[in-house]
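Student: Pasting a structure below so you can have a look.
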Amino acid sequence: MATNERYTGWSTVPGPETRRMIRDASEEMGGLVRSTLGPFGLDKMVVRRMPDDELRWFVSNDGSAIVEEFEGETDHPVAQRFVRAVENHEADYGDGSTTFVLLASELTTAAMDLVDRGVHPNDVIEGFSIGAQRTLERWNEATIPLTNAAGRLDRDRLRAVATTGMTNGREGEWQLGEFADTVVDAVLRVSDPKTGSVRLDHAKTVAVPGGSVSDSTLVDGVVLPETVVTGERLLPATGPVLLVDGSLKPRNLSANVNVSVEDDADTERIANGSRDSERIAATIAATGAVAVVVTGDADMAVAKELARHGAILLRNVKHTDFEYIKRATGATHRGPVRPNERIDPDILGHATVRFRDAGRDDDWVAFEPPAAAESPACTLVVRGGTQAAAEEAERRVRDSKNALRACVITPKALPAGGAAETAAAHAVRELAPRFGGREQLAVERFADVLESVPKTLARNAGLDPMDALADLRSRYAAGHRRTAISSDGSVVDDVTADGGGLDPYQIRVSGLIRAVEFVTALVRIDGVLLDERPPTAGRVLDDPETGPEGAMDG
């Protein structure tokens, strides 16, 4: 780093040091998740000291959870880019973040090495683009359809995807394999394969300590952490459900305030408000509703009157939960209810409303539709011996749901265990000699990066990575196009032979494309201008022309 003599307070980081900084940060981010990849991936314990000086910790092998812990905790620009990229990938797909981070880290390191060897950044970008395009072509050729001859989604293959997503193929460690069919049922229930739409927010998961993961169940309807205003004694109850988008208050009374009665007008106003509360409750009671769900606030007098008529009230319900209840009960929401107003009975839903033990301090409220209703909304109650075990199992189920969503949207899969990367690396190496000079070096290095995935899987399984890679290459050359590292830690000819070993095509493709885009944005950086001046109000707010460009303009 050198001080810039012309612009006082600024330092210049030259190209080699900049590339070293980018390389080191990328290697560190990749190192955070490398050992967690695959069925033999290990866990990380993340410990953080909180503002109250208490230590918070968790144990996980979820790459996105580990990387996202650094949000707001690092000032390194490259690390921040990794965190943002993982968050974006996780928001879009909810799965595949570990492989994305590994590929982005390896590609960035390879790019910095090539530039240090004299390869122009544009040649690196071009070579990586060629490698990525050939990879996508090879993967498209190797896809495994997830539909049957009739064009419907194949449940057996979806189950294989779900199992891989939850257990990485190691069902002995996590007894969730037998739960895979249930997860498939839940996702298909909230999916429309014709349009490719999937509403995973209508198939939520709840972690409940106690029992084992094999005790996990699928509950028809909704289980939510909502609070009944009054009338808990009325549950369980079966009958109509009214949904109100808005508030439930008499018009003559404002919000909770202390009212001092000084004259007859005040007395009359309060009396009118009380009568309005009674009328609103009576209007709702005329529908026979056993539960009223309101997105806004509700007057306590209305709640008490409803309880007297045999209906419970849930108020200030989040709109996402409100939509969830609509889907489960089949109701159509309406606006605020006015006194003596007729409510159309056709908008009412129907459910059994009860409390359910969710392993927490308070029981949650469940809306269970009639058996014949075939409601698309459901809740996956995931069990575990401890709170931590239940939450880890619930995370794995969520990963499986996200993988299945990608399969409904794009009903294609790729063989897992590094098979897809081995095949793509072979195709990229065959293509490399067609290009001359330094561009060829970048194409060949791209193939090396692809093979970092099976090498990492082999290392995590206790194999010698170079021996395993040589074995994979040999088997692929012999015609075994799905050779991979299996879930038992050995090199096999076909990872899908036992009906498993499938990864969602859409997630794998997205991870590769994002990794290439990630490194493309970094490889063209040839230096850093670092402002080391202490911030001042005048410079930050009022003087935008004190940087190098502004000084040059002056």
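Chain labels follow the order of the structure tokens: the first chain is A, the next B, and so on; residue numbering restarts at 1 in every chain, and ligands are counted from 1 in their shown order.
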Please provide the set of residues having any atom within 6 Å of Val365 in chain A, restricted to only C-alpha atoms, with same-chain residues fewer than 2 positions apart removed, written as a ChimeraX atom specification.
Tutor: /A:223-224,354-355
Student: Which residue is closest to Asn460 in chain A? Choose from A:Val67, A:Gly131, A:Gly489, A:Ala478 and count only C-alpha atoms.
Tutor: A:Gly489
Student: Find the distance between CA of Leu153 in chain A and CA of Pro411 in chain A and write it in Å to one decimal.
Tutor: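 CA of Leu153 in chain A sits 7.4 Å away from CA of Pro411 in chain A.
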Student: Got a sec: who's within 10 Å of Leu32 in chain A, counting only C-alpha atoms, leaving out chain neighbours fewer than 4 positions off, as a list of chain:residue names?
Tutor: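 Near neighbours after the sequence-gap exclusion: A:Glu27, A:Glu28, A:Thr36, A:Lys44, A:Asn61, A:Gly63, A:Ile66, A:Val67, A:Thr98, A:Val101, A:Leu102.
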Student: Please give the complete set of residues from range 25-240 of chain A that DSSP, run on the backbone, assigns to helix (DSSP H, G or I), formatted as a PDB file with C-alpha atoms, in the first residue's frame.
Tutor:
```
ATOM      1  CA  ALA A  25     -10.728 -13.274   1.393  1.00  0.00           C
ATOM      2  CA  SER A  26     -12.209 -15.698  -1.149  1.00  0.00           C
ATOM      3  CA  GLU A  27     -10.196 -18.599   0.216  1.00  0.00           C
ATOM      4  CA  GLU A  28     -11.321 -17.780   3.744  1.00  0.00           C
ATOM      5  CA  MET A  29     -14.985 -17.642   2.752  1.00  0.00           C
ATOM      6  CA  GLY A  30     -14.668 -20.941   0.903  1.00  0.00           C
ATOM      7  CA  GLY A  31     -12.894 -22.428   3.905  1.00  0.00           C
ATOM      8  CA  LEU A  32     -15.865 -21.595   6.120  1.00  0.00           C
ATOM      9  CA  VAL A  33     -18.117 -24.047   4.293  1.00  0.00           C
ATOM     10  CA  ARG A  34     -15.782 -26.485   2.497  1.00  0.00           C
ATOM     11  CA  GLY A  63     -23.513 -22.989   4.449  1.00  0.00           C
ATOM     12  CA  SER A  64     -25.910 -20.073   4.174  1.00  0.00           C
ATOM     13  CA  ALA A  65     -26.462 -19.911   7.953  1.00  0.00           C
ATOM     14  CA  ILE A  66     -22.700 -19.872   8.550  1.00  0.00           C
ATOM     15  CA  VAL A  67     -21.867 -17.233   5.942  1.00  0.00           C
ATOM     16  CA  GLU A  68     -24.810 -15.000   6.843  1.00  0.00           C
ATOM     17  CA  PRO A  77     -15.511  -5.655   0.810  1.00  0.00           C
ATOM     18  CA  VAL A  78     -15.000  -9.116  -0.711  1.00  0.00           C
ATOM     19  CA  ALA A  79     -16.452 -10.867   2.329  1.00  0.00           C
ATOM     20  CA  GLN A  80     -19.414  -8.502   2.198  1.00  0.00           C
ATOM     21  CA  ARG A  81     -19.960  -9.416  -1.461  1.00  0.00           C
ATOM     22  CA  PHE A  82     -20.015 -13.105  -0.503  1.00  0.00           C
ATOM     23  CA  VAL A  83     -22.563 -12.453   2.235  1.00  0.00           C
ATOM     24  CA  ARG A  84     -24.848 -10.490  -0.103  1.00  0.00           C
ATOM     25  CA  ALA A  85     -24.528 -13.085  -2.867  1.00  0.00           C
ATOM     26  CA  VAL A  86     -25.430 -15.915  -0.474  1.00  0.00           C
ATOM     27  CA  GLU A  87     -28.396 -13.961   0.863  1.00  0.00           C
ATOM     28  CA  ASN A  88     -29.665 -13.365  -2.683  1.00  0.00           C
ATOM     29  CA  HIS A  89     -29.257 -17.010  -3.653  1.00  0.00           C
ATOM     30  CA  GLU A  90     -30.900 -18.184  -0.449  1.00  0.00           C
ATOM     31  CA  ALA A  91     -33.814 -15.767  -0.940  1.00  0.00           C
ATOM     32  CA  ASP A  92     -34.399 -17.058  -4.473  1.00  0.00           C
ATOM     33  CA  TYR A  93     -33.860 -20.784  -3.953  1.00  0.00           C
ATOM     34  CA  SER A  97     -25.630 -22.029  -1.075  1.00  0.00           C
ATOM     35  CA  THR A  98     -22.713 -24.196   0.074  1.00  0.00           C
ATOM     36  CA  THR A  99     -21.895 -25.335  -3.463  1.00  0.00           C
ATOM     37  CA  PHE A 100     -22.267 -21.766  -4.728  1.00  0.00           C
ATOM     38  CA  VAL A 101     -19.799 -20.422  -2.144  1.00  0.00           C
ATOM     39  CA  LEU A 102     -17.329 -23.199  -2.912  1.00  0.00           C
ATOM     40  CA  LEU A 103     -17.473 -22.572  -6.683  1.00  0.00           C
ATOM     41  CA  ALA A 104     -17.277 -18.777  -6.279  1.00  0.00           C
ATOM     42  CA  SER A 105     -14.287 -19.125  -3.950  1.00  0.00           C
ATOM     43  CA  GLU A 106     -12.434 -21.529  -6.245  1.00  0.00           C
ATOM     44  CA  LEU A 107     -13.188 -19.498  -9.374  1.00  0.00           C
ATOM     45  CA  THR A 108     -12.032 -16.259  -7.761  1.00  0.00           C
ATOM     46  CA  THR A 109      -8.803 -17.845  -6.565  1.00  0.00           C
ATOM     47  CA  ALA A 110      -8.203 -19.320 -10.026  1.00  0.00           C
ATOM     48  CA  ALA A 111      -8.874 -15.971 -11.706  1.00  0.00           C
ATOM     49  CA  MET A 112      -6.417 -14.109  -9.461  1.00  0.00           C
ATOM     50  CA  ASP A 113      -3.755 -16.774 -10.105  1.00  0.00           C
ATOM     51  CA  LEU A 114      -4.218 -16.520 -13.871  1.00  0.00           C
ATOM     52  CA  VAL A 115      -3.921 -12.736 -13.858  1.00  0.00           C
ATOM     53  CA  ASP A 116      -0.765 -12.985 -11.739  1.00  0.00           C
ATOM     54  CA  PRO A 121      -8.594 -10.266 -17.142  1.00  0.00           C
ATOM     55  CA  ASN A 122     -10.637 -10.156 -20.367  1.00  0.00           C
ATOM     56  CA  ASP A 123      -9.161 -13.511 -21.407  1.00  0.00           C
ATOM     57  CA  VAL A 124      -9.990 -14.941 -17.992  1.00  0.00           C
ATOM     58  CA  ILE A 125     -13.591 -13.753 -18.291  1.00  0.00           C
ATOM     59  CA  GLU A 126     -13.875 -15.134 -21.819  1.00  0.00           C
ATOM     60  CA  GLY A 127     -12.359 -18.478 -20.850  1.00  0.00           C
ATOM     61  CA  PHE A 128     -14.626 -18.858 -17.831  1.00  0.00           C
ATOM     62  CA  SER A 129     -17.648 -17.910 -19.950  1.00  0.00           C
ATOM     63  CA  ILE A 130     -16.725 -20.590 -22.495  1.00  0.00           C
ATOM     64  CA  GLY A 131     -16.341 -23.148 -19.695  1.00  0.00           C
ATOM     65  CA  ALA A 132     -19.661 -22.174 -18.140  1.00  0.00           C
ATOM     66  CA  GLN A 133     -21.479 -22.378 -21.480  1.00  0.00           C
ATOM     67  CA  ARG A 134     -20.058 -25.848 -22.183  1.00  0.00           C
ATOM     68  CA  THR A 135     -20.997 -26.919 -18.646  1.00  0.00           C
ATOM     69  CA  LEU A 136     -24.590 -25.821 -19.139  1.00  0.00           C
ATOM     70  CA  GLU A 137     -24.728 -27.661 -22.459  1.00  0.00           C
ATOM     71  CA  ARG A 138     -23.383 -30.835 -20.861  1.00  0.00           C
ATOM     72  CA  TRP A 139     -25.747 -30.558 -17.920  1.00  0.00           C
ATOM     73  CA  ASN A 140     -28.682 -30.071 -20.256  1.00  0.00           C
ATOM     74  CA  GLU A 141     -27.706 -33.294 -22.005  1.00  0.00           C
ATOM     75  CA  ALA A 142     -27.361 -35.116 -18.680  1.00  0.00           C
ATOM     76  CA  ARG A 155     -43.284 -39.088  -7.092  1.00  0.00           C
ATOM     77  CA  ASP A 156     -40.445 -41.613  -6.756  1.00  0.00           C
ATOM     78  CA  ARG A 157     -37.928 -39.191  -8.226  1.00  0.00           C
ATOM     79  CA  LEU A 158     -39.323 -36.312  -6.220  1.00  0.00           C
ATOM     80  CA  ARG A 159     -38.878 -38.456  -3.150  1.00  0.00           C
ATOM     81  CA  ALA A 160     -35.234 -39.016  -4.124  1.00  0.00           C
ATOM     82  CA  VAL A 161     -34.732 -35.250  -4.398  1.00  0.00           C
ATOM     83  CA  ALA A 162     -36.442 -34.714  -1.036  1.00  0.00           C
ATOM     84  CA  THR A 163     -34.320 -37.379   0.655  1.00  0.00           C
ATOM     85  CA  THR A 164     -31.099 -35.960  -0.771  1.00  0.00           C
ATOM     86  CA  GLY A 165     -32.110 -32.495   0.381  1.00  0.00           C
ATOM     87  CA  MET A 166     -32.847 -33.617   3.940  1.00  0.00           C
ATOM     88  CA  THR A 167     -30.178 -36.236   4.590  1.00  0.00           C
ATOM     89  CA  GLY A 177     -35.969 -40.510   4.795  1.00  0.00           C
ATOM     90  CA  GLU A 178     -39.316 -41.989   5.806  1.00  0.00           C
ATOM     91  CA  PHE A 179     -40.633 -38.420   6.092  1.00  0.00           C
ATOM     92  CA  ALA A 180     -39.727 -37.671   2.462  1.00  0.00           C
ATOM     93  CA  ASP A 181     -43.087 -38.843   1.090  1.00  0.00           C
ATOM     94  CA  THR A 182     -44.845 -36.531   3.542  1.00  0.00           C
ATOM     95  CA  VAL A 183     -42.741 -33.564   2.451  1.00  0.00           C
ATOM     96  CA  VAL A 184     -43.517 -34.363  -1.188  1.00  0.00           C
ATOM     97  CA  ASP A 185     -47.223 -34.459  -0.317  1.00  0.00           C
ATOM     98  CA  ALA A 186     -46.995 -31.074   1.395  1.00  0.00           C
ATOM     99  CA  VAL A 187     -45.199 -29.370  -1.494  1.00  0.00           C
ATOM    100  CA  LEU A 188     -47.460 -30.848  -4.166  1.00  0.00           C
ATOM    101  CA  ARG A 189     -50.484 -29.734  -2.167  1.00  0.00           C
ATOM    102  CA  LEU A 200     -44.243 -22.801   0.307  1.00  0.00           C
ATOM    103  CA  ASP A 201     -45.621 -20.211   2.715  1.00  0.00           C
ATOM    104  CA  HIS A 202     -48.785 -22.350   2.663  1.00  0.00           C
ATOM    105  CA  VAL A 213     -37.477 -36.907  13.925  1.00  0.00           C
ATOM    106  CA  SER A 214     -39.363 -40.023  12.831  1.00  0.00           C
ATOM    107  CA  ASP A 215     -42.326 -38.710  14.860  1.00  0.00           C
ATOM    108  CA  GLU A 232     -59.978 -19.799  25.305  1.00  0.00           C
ATOM    109  CA  ARG A 233     -62.408 -22.090  27.103  1.00  0.00           C
ATOM    110  CA  LEU A 234     -64.451 -22.316  23.883  1.00  0.00           C
TER     111      LEU A 234
END
```
Student: Return as a tab-separated table the residues of range 367-485 of chain A lying at most 8 Å from range 326-333 of chain A, together with the closest atom-to-atom pair for each and the distance in Å to one decimal, counting only C-alpha atoms, with rows in chain order and ascending residue number.
Tutor:
```
residue	atom	partner	partner_atom	distance
A:Phe367	CA	A:Ala328	CA	7.1
A:Glu368	CA	A:Ala328	CA	7.2
A:Pro369	CA	A:Thr329	CA	5.7
A:Ser375	CA	A:Ala328	CA	5.4
A:Pro376	CA	A:Ala328	CA	6.5
A:Ala377	CA	A:Ala328	CA	4.8
A:Cys378	CA	A:Ala328	CA	7.2
```
Student: Which neighbours of range 306-315 of chain A fall inside 7 Å, counting only C-alpha atoms, when residues of the same chain fewer than 3 positions from it are skipped, and could you give them as a PyMOL selection string?
Tutor: chain A and resi 226-231+234+281+285+289-298+302-303
Student: Okay, now the selection with N, CA, C and O atoms, as an mmCIF file, in the first residue's frame?
Tutor:
```
data_model
loop_
_atom_site.group_PDB
_atom_site.id
_atom_site.type_symbol
_atom_site.label_atom_id
_atom_site.label_comp_id
_atom_site.auth_asym_id
_atom_site.auth_seq_id
_atom_site.Cartn_x
_atom_site.Cartn_y
_atom_site.Cartn_z
ATOM 1 N N GLU A 226 -50.541 -17.575 17.242
ATOM 2 C CA GLU A 226 -51.452 -16.456 17.462
ATOM 3 C C GLU A 226 -52.067 -16.546 18.857
ATOM 4 O O GLU A 226 -52.166 -17.626 19.443
ATOM 5 N N THR A 227 -52.496 -15.414 19.367
ATOM 6 C CA THR A 227 -53.067 -15.335 20.709
ATOM 7 C C THR A 227 -54.567 -15.073 20.629
ATOM 8 O O THR A 227 -54.996 -14.148 19.929
ATOM 9 N N VAL A 228 -55.341 -15.883 21.329
ATOM 10 C CA VAL A 228 -56.784 -15.678 21.414
ATOM 11 C C VAL A 228 -57.045 -14.550 22.405
ATOM 12 O O VAL A 228 -56.542 -14.571 23.539
ATOM 13 N N VAL A 229 -57.816 -13.536 21.981
ATOM 14 C CA VAL A 229 -58.054 -12.370 22.838
ATOM 15 C C VAL A 229 -58.774 -12.784 24.115
ATOM 16 O O VAL A 229 -58.375 -12.433 25.221
ATOM 17 N N THR A 230 -59.830 -13.528 23.971
ATOM 18 C CA THR A 230 -60.575 -14.027 25.121
ATOM 19 C C THR A 230 -61.422 -15.208 24.665
ATOM 20 O O THR A 230 -61.643 -15.413 23.475
ATOM 21 N N GLY A 231 -61.885 -16.017 25.624
ATOM 22 C CA GLY A 231 -62.734 -17.151 25.282
ATOM 23 C C GLY A 231 -61.978 -18.424 24.981
ATOM 24 O O GLY A 231 -62.476 -19.282 24.260
ATOM 25 N N LEU A 234 -63.557 -21.876 24.953
ATOM 26 C CA LEU A 234 -64.451 -22.316 23.883
ATOM 27 C C LEU A 234 -63.796 -23.332 22.957
ATOM 28 O O LEU A 234 -64.493 -23.988 22.174
ATOM 29 N N ALA A 281 -70.930 -7.712 17.426
ATOM 30 C CA ALA A 281 -70.804 -9.105 17.860
ATOM 31 C C ALA A 281 -72.041 -9.901 17.481
ATOM 32 O O ALA A 281 -71.950 -11.055 17.033
ATOM 33 N N ALA A 285 -72.255 -13.113 15.200
ATOM 34 C CA ALA A 285 -72.816 -14.327 15.804
ATOM 35 C C ALA A 285 -73.934 -14.914 14.956
ATOM 36 O O ALA A 285 -74.150 -16.137 14.945
ATOM 37 N N ALA A 289 -70.389 -18.177 13.303
ATOM 38 C CA ALA A 289 -68.933 -18.286 13.315
ATOM 39 C C ALA A 289 -68.416 -18.704 14.689
ATOM 40 O O ALA A 289 -68.887 -18.217 15.716
ATOM 41 N N VAL A 290 -67.431 -19.612 14.699
ATOM 42 C CA VAL A 290 -66.791 -20.028 15.941
ATOM 43 C C VAL A 290 -65.452 -19.330 16.126
ATOM 44 O O VAL A 290 -64.866 -19.385 17.213
ATOM 45 N N ALA A 291 -64.975 -18.667 15.066
ATOM 46 C CA ALA A 291 -63.703 -17.952 15.154
ATOM 47 C C ALA A 291 -63.723 -16.761 14.199
ATOM 48 O O ALA A 291 -64.249 -16.857 13.085
ATOM 49 N N VAL A 292 -63.162 -15.652 14.659
ATOM 50 C CA VAL A 292 -63.038 -14.439 13.849
ATOM 51 C C VAL A 292 -61.569 -14.058 13.828
ATOM 52 O O VAL A 292 -60.937 -13.939 14.882
ATOM 53 N N VAL A 293 -61.027 -13.866 12.620
ATOM 54 C CA VAL A 293 -59.613 -13.531 12.453
ATOM 55 C C VAL A 293 -59.535 -12.139 11.834
ATOM 56 O O VAL A 293 -60.118 -11.892 10.770
ATOM 57 N N VAL A 294 -58.804 -11.221 12.489
ATOM 58 C CA VAL A 294 -58.767 -9.823 12.082
ATOM 59 C C VAL A 294 -57.314 -9.386 11.876
ATOM 60 O O VAL A 294 -56.458 -9.651 12.725
ATOM 61 N N THR A 295 -57.039 -8.716 10.757
ATOM 62 C CA THR A 295 -55.670 -8.242 10.512
ATOM 63 C C THR A 295 -55.342 -6.997 11.328
ATOM 64 O O THR A 295 -54.184 -6.733 11.618
ATOM 65 N N GLY A 296 -56.353 -6.199 11.657
ATOM 66 C CA GLY A 296 -56.135 -4.980 12.431
ATOM 67 C C GLY A 296 -56.439 -5.188 13.901
ATOM 68 O O GLY A 296 -56.512 -6.314 14.394
ATOM 69 N N ASP A 297 -56.636 -4.074 14.582
ATOM 70 C CA ASP A 297 -56.945 -4.144 16.003
ATOM 71 C C ASP A 297 -58.430 -4.445 16.184
ATOM 72 O O ASP A 297 -59.236 -4.319 15.254
ATOM 73 N N ALA A 298 -58.803 -4.838 17.367
ATOM 74 C CA ALA A 298 -60.205 -5.125 17.684
ATOM 75 C C ALA A 298 -60.496 -4.640 19.093
ATOM 76 O O ALA A 298 -59.660 -4.761 19.993
ATOM 77 N N VAL A 302 -65.868 -5.834 21.928
ATOM 78 C CA VAL A 302 -66.334 -6.717 20.849
ATOM 79 C C VAL A 302 -65.880 -8.141 21.122
ATOM 80 O O VAL A 302 -66.638 -9.111 20.953
ATOM 81 N N ALA A 303 -64.619 -8.295 21.535
ATOM 82 C CA ALA A 303 -64.084 -9.626 21.818
ATOM 83 C C ALA A 303 -64.887 -10.328 22.907
ATOM 84 O O ALA A 303 -65.211 -11.525 22.794
#
```
Student: Would you work out the distance separating CA of Ala388 in chain A from CA of Asp220 in chain A, expressed in Å to one decimal?
Tutor: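 Separation of CA of Ala388 in chain A and CA of Asp220 in chain A: 25.2 Å.
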Student: Choose the residue, out of A:Arg20, A:Lys194, A:His480, A:Lys204, that has the smallest atom-to-atom separation from Lys401 in chain A; count only C-alpha atoms.
Tutor: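 Nearest candidate to Lys401 in chain A out of A:Arg20, A:Lys194, A:His480, A:Lys204: A:Lys204.
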Student: Return as a list in words the full set of residues in range 14-81 of chain A whose backbone-based DSSP assignment is strand (DSSP E or B).
Tutor: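 So, restricting range 14-81 of chain A to strand (DSSP E or B), we get Lys44, Met45, Val46, Val47, Arg48, Arg49, Leu55, Arg56, Trp57, Phe58, Val59 and Ser60 of chain A.
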Student: Out of A:Gly96, A:Ser474, A:Gly436, A:Arg396, which residue has the shortest atom-to-atom distance to Ile507 in chain A when counting only C-alpha atoms?
Tutor: A:Gly96
Student: In Å, rounded to a single decimal, give me how far CA of Pro415 in chain A is from CA of Val382 in chain A.
Tutor: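 Between these atoms lies a distance of 27.7 Å.
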Student: My list of candidates is A:Arg19, A:Arg508, A:Lys304, A:Arg342. Which is closest to Val528 in chain A when distances are computed with only C-alpha atoms?
Tutor: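 The shortest atom-to-atom distance to Val528 in chain A comes from A:Arg19.
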Student: Find the residue from A:Val408, A:Val397, A:Val59, A:Val491 that sits nearest to Arg383 in chain A; use only C-alpha atoms when measuring.
Tutor: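 Among the listed residues, the smallest separation from Arg383 in chain A belongs to A:Val397.
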Student: Can you work out which one of A:Glu323, A:Asn316, A:Gly384, A:Glu73 has the shortest atom-to-atom distance to Gly211 in chain A, counting only C-alpha atoms?
Tutor: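 Ranked by minimum distance to Gly211 in chain A, first place goes to A:Gly384.
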